[in-house]
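Read through the structure below, which is laid out as structure tokens, and then see the notes.
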Amino acid sequence: MNSSGDAKPKCNVSFTVNGEIKSLRIHPMERLLDVLRNELGLTGTKEGCGEGECGSCSILLDGLLVNSCLVPAAQAHGSNVVTIEGIAAHSLLHPLQEAFLECGGAQCGICTPGMILAAVHLLEKKAEPTQAEIREGLAGNLCRCTGYMQIFEAVTKAARQRVAK
Amino acid sequence: MASSNERHIVGTSVPRKEGRDKVTGAARYVDDMTLPGMLHGATVRSKIARGNIKTISFDPSVPWDEFVVVTAKDIPGKNCIALILDDQPCLAAESVNHPEEPILLLAHADRHKLRKAVDAISIEYESLSPVHSLEKSEKQSTIIWGTDNTFKTFLVEKGELDSVWSEAAHIVEGEYFTGAQEQLYIENNGVIASFDPQHGVTVWGSLQCPYYVHKALMALCGLPEHKVRVVQMETGGAFGGKEEYPSMIAGHAALLAIKSGRPVKIVYDRMEDMVATTKRHPSRTRHRTAVRKDGKILGGEIEFVIDGGAYATLSSVVLSRGTIHAGGPYYWPSVRIRTRAIATNTPPHGAFRGFGAPQSLFAMERHMDRIAQVVGISPIEIRRRNFLMPGQTTTTQQTIHEKIDLDSLLSRALELSDYHTKKKRFAVENKTSTRKKGMGIATFLHGAGFTGSGERYLNSLVGVEAGPDGVVRVLVSSAEFGQGTNTVLCQIAAEALNLPYECVQIAQPDTTVVPNSGPTVASRTAMIVGKLVQSAAAGIKRMLSNARLLGDNYTPEQFCAACREFIAAHGSLNSEVRYEAPPGVYWDDEHYRGEAYAAFAWAVYVAEVSVDLTTYSVTVDDFVALQEIGKVLHPVLAEGQISGGVAQAIGFALYEKVVWQDGHMFNNQMTNYIMPTSADLPPIRVFFEQNGNIHGAHGAKGIGELPMDGPAPAIVNAVEDAVGVRFNSIPLLPEDLFQALQTEPPVATSSLPGTARGAR
């Protein structure tokens, strides 16, 4: 699933990742997923299918939830990228991360980074989503371990806690 | 600090050991690892199903001197994946027996260059006639494996079957099919291998069974035990799909590393993983059952056949579990179960959660509904009249000693699902609605641990060690891949040592560090390995107490001081325990008779479905999963195991269809092989009963595979209840429903008297 080759010219791409500005010289068509993982060492973003079906490589690009396996790196130029590594505030976990831990939302963990980003995105759009909205909001992120029930529970719990604050 | 109170850690939902790393993205999977000078590996695979390799040619426009090329000739040891029969080559040398069979390996520092290089190798074959169906394999007009295309057969016999047919009021026949299913772990198969002559081969990988890979690499590389090291990395889902296959991919990476002298990473992309690796065995089951007028089973014949693909791999063991579960949780006074695993020219089918039981239990539970119709009683009543009871024997003549009460379990499940009220309501509403609703049940059992004498052969060894800092480490080869192995085994050790959960850690499975506690399969970890961990931990306590360093009641600080003193005097503090078969357990491998499993988990599942007669899609609207699993060691993890398994089994029943084209998976993408999303599933409501189990740690039984067994028949039973048409094959897709509803007259459910034949 790698579309770039040596022969293609490289270009300068700059974007903000988890609050830090990064400037890179890369193939413009390199997948953003590979740039994050291989150039920037942000291996928390996972590859599951390489075709935008599973959502394991989900990140936030200017606040939008995207599959980083489908985004050419050049498209990220000038944008603001958030990966799983940028979700916790230092040693303090995000309420969603806490809730995933407590409710059993993470089993094998491979879909978890993308799932948490999808949940972050969902709660940003809708502070207190209904069950139907949670199901819909996470439908682009596949999990093979949990059957999703404990993920729904985690999202509901985190949403309630945030609203209560 | 008060400490004399016993700590109760088992049975509570402590935080998952590696949970924090997983929710922050810090957990290290094999693709997150890079070694200096590392190359990437790729596999050149067969494009045909069966034939002889004539020539291999390399396109001269590719600078081949930049690549490492490995063929079967480069294999230092034996060209096989050592497992049971050792019939599967690591690289095909002269002939190929399935599409995608590995023939050649390539490595290069730039992984982008590999795909083109793979395509630049052309292989000419002399094609041979392939076998792509059970029927063709059974005919034996083309022999593709051994002398009769048969990997394994079993025969289970109980009672006097010949006399039952004349006594029967009804003889009910049925034929049932299940399709292949892809495990679809979200992390694809992957490994990194390195080699140096002094240390030998090291493999880091995504895998379930470090010692399976260890054994396979010793044979393949011709290396002694101490020159092969296998390390399990964080593993992103497995479900059986990383039981035997990692030996293959690890072998490939090891061969490339040996030849190049550099570390080599092979991580499949999704398409390669789906097309080339194992799936659940497709199956066909035939039932012929003699039933009394009141619905009591007198006896029956069950014929169960599974498609093993091109090589034997684990098919004999999958067949064994399918065989033993084929009679369900019912009492058979007489039975004859004949089973076979046979060869076809597809990639070998392999381990997948449930391991043969979901296949034969699908047939049994569909057939029970069929018998109910023939007898003219309800699906509930037919089960109540035939449930196994304590003191009775299973099909293998294992006496049920536990106090299981399936009748009450069923009653509770019906209550939890509001079964009767809904049935009444749907009977009225279905008359006028284009959305037909139905209820279906499945009652079943699942044996924990290896079958029969398996655990005795495994001879598992477990260690627990304590350091001078008082930190306890559990040493097992049991792997974490989401189920909660790390957490549960640490809970057990902490409770045995009366220490806080935080004081116990688990070692990363590494064959140079942990003993062989057996493979992480067969729902055996909590029950069997857990029990050994409990004894090994108790051993530490005993050693400290015998050395008069520790009394009965102690604080973690006192424990720590005692460890420090002990280690100062003796160098180390560790305790090892080896498996001992429980007394009085008898298993006859030759006649397939006796105590098949140390314990069974029991379950009743209820599905509520609607069938939309406009789109022909089936939706599961509610799902109740009630099970007796002994002691629940960790409620959150246990619930997660069940709901995850149910979701996977809903996929097995309604969505997941492997489309075969000449033995090759045609839809090898997540785009066209459909697994359930968060929007597709019903509320999965999980309930437990806890009767305990004398053989398991704290009374635990196995639960990992159980939830895979019941949902498919419960759902298809519910679909029949909704639309009155019989379906005996899964996956059941909208197109299958459409076709059947166009052609078949509905059967009046629960009210069909007389003998019926050919329920297909």
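Ordered as shown in the structure tokens, chains take letters A, B, and onward, while each chain numbers its residues from 1 and ligands are numbered from 1 in the order shown.
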
Show me, as a PDB file with C-alpha atoms, in the first residue's frame, the residues of chain B whose atoms get within 6 Å of chain A, using only C-alpha atoms for the distance check.
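As a result, iface_12.pdb now contains:
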ATOM      1  CA  LYS B  22      -2.798   0.933  24.968  1.00  0.00           C
ATOM      2  CA  VAL B  23      -4.938   4.051  25.498  1.00  0.00           C
ATOM      3  CA  GLY B  25      -0.530   4.783  21.972  1.00  0.00           C
ATOM      4  CA  ASP B  32       6.355  -0.070  15.763  1.00  0.00           C
ATOM      5  CA  ILE B 186      -7.003  -5.472  13.182  1.00  0.00           C
ATOM      6  CA  GLU B 187      -3.211  -5.893  13.389  1.00  0.00           C
ATOM      7  CA  GLY B 236      -3.265  -6.589  18.080  1.00  0.00           C
ATOM      8  CA  GLY B 237      -5.838  -9.346  18.126  1.00  0.00           C
ATOM      9  CA  ARG B 270      -4.403  -6.421   4.773  1.00  0.00           C
ATOM     10  CA  PHE B 481      -3.677 -10.331  22.812  1.00  0.00           C
ATOM     11  CA  GLY B 482      -6.613  -8.530  24.288  1.00  0.00           C
ATOM     12  CA  GLY B 640     -15.674  -8.018  27.210  1.00  0.00           C
ATOM     13  CA  SER B 643     -19.656  -9.399  23.983  1.00  0.00           C
ATOM     14  CA  GLY B 644     -16.656  -9.485  21.656  1.00  0.00           C
ATOM     15  CA  ALA B 647     -20.172  -9.749  17.890  1.00  0.00           C
ATOM     16  CA  THR B 677     -19.440  -2.102  12.851  1.00  0.00           C
ATOM     17  CA  SER B 678     -20.699  -0.259  15.912  1.00  0.00           C
ATOM     18  CA  ALA B 679     -23.850   0.604  13.971  1.00  0.00           C
TER      19      ALA B 679
END

If we count only C-alpha atoms and set the cut-off at 10 Å, which residues sit around stretch 585-590 of chain B, ignoring sequence neighbours fewer than 2 positions away in its own chain? Please answer as a ChimeraX atom specification.
/B:154-156,396-398,451-454,581-583,592-598

Can you tell me, as a ChimeraX atom specification, what residues are no more than 7 Å from B:Tyr176 when counting only C-alpha atoms, ignoring any on the same chain fewer than 3 positions away?
/B:284-286,363,728-729,760

Determine, counting only C-alpha atoms, which protein, DNA and RNA residues have an atom within 7 Å of an atom of stretch 120-128 of chain A; residues of the same chain fewer than 3 positions away are not included. Present the result as number ranges by chain.
A: 65, 116-117, 137, 159-160, 163

May I have the residues within 10 Å of stretch 72-80 of chain A as a count of residues only, using only C-alpha atoms and disregarding those fewer than 5 positions away in the same chain?
32

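For the pair atom CA of B:Arg288 and atom CA of B:Ile171, the interatomic distance is 6.7 Å.
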
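The space between atom CA of B:Ile684 and atom CA of A:Gln161 spans 24.2 Å.
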
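Distance annotation: of B:Ser137, B:Val632, B:Gly77, B:Ala257, the residue with the minimal separation from B:His108 is B:Ala257; atom set is only C-alpha atoms.
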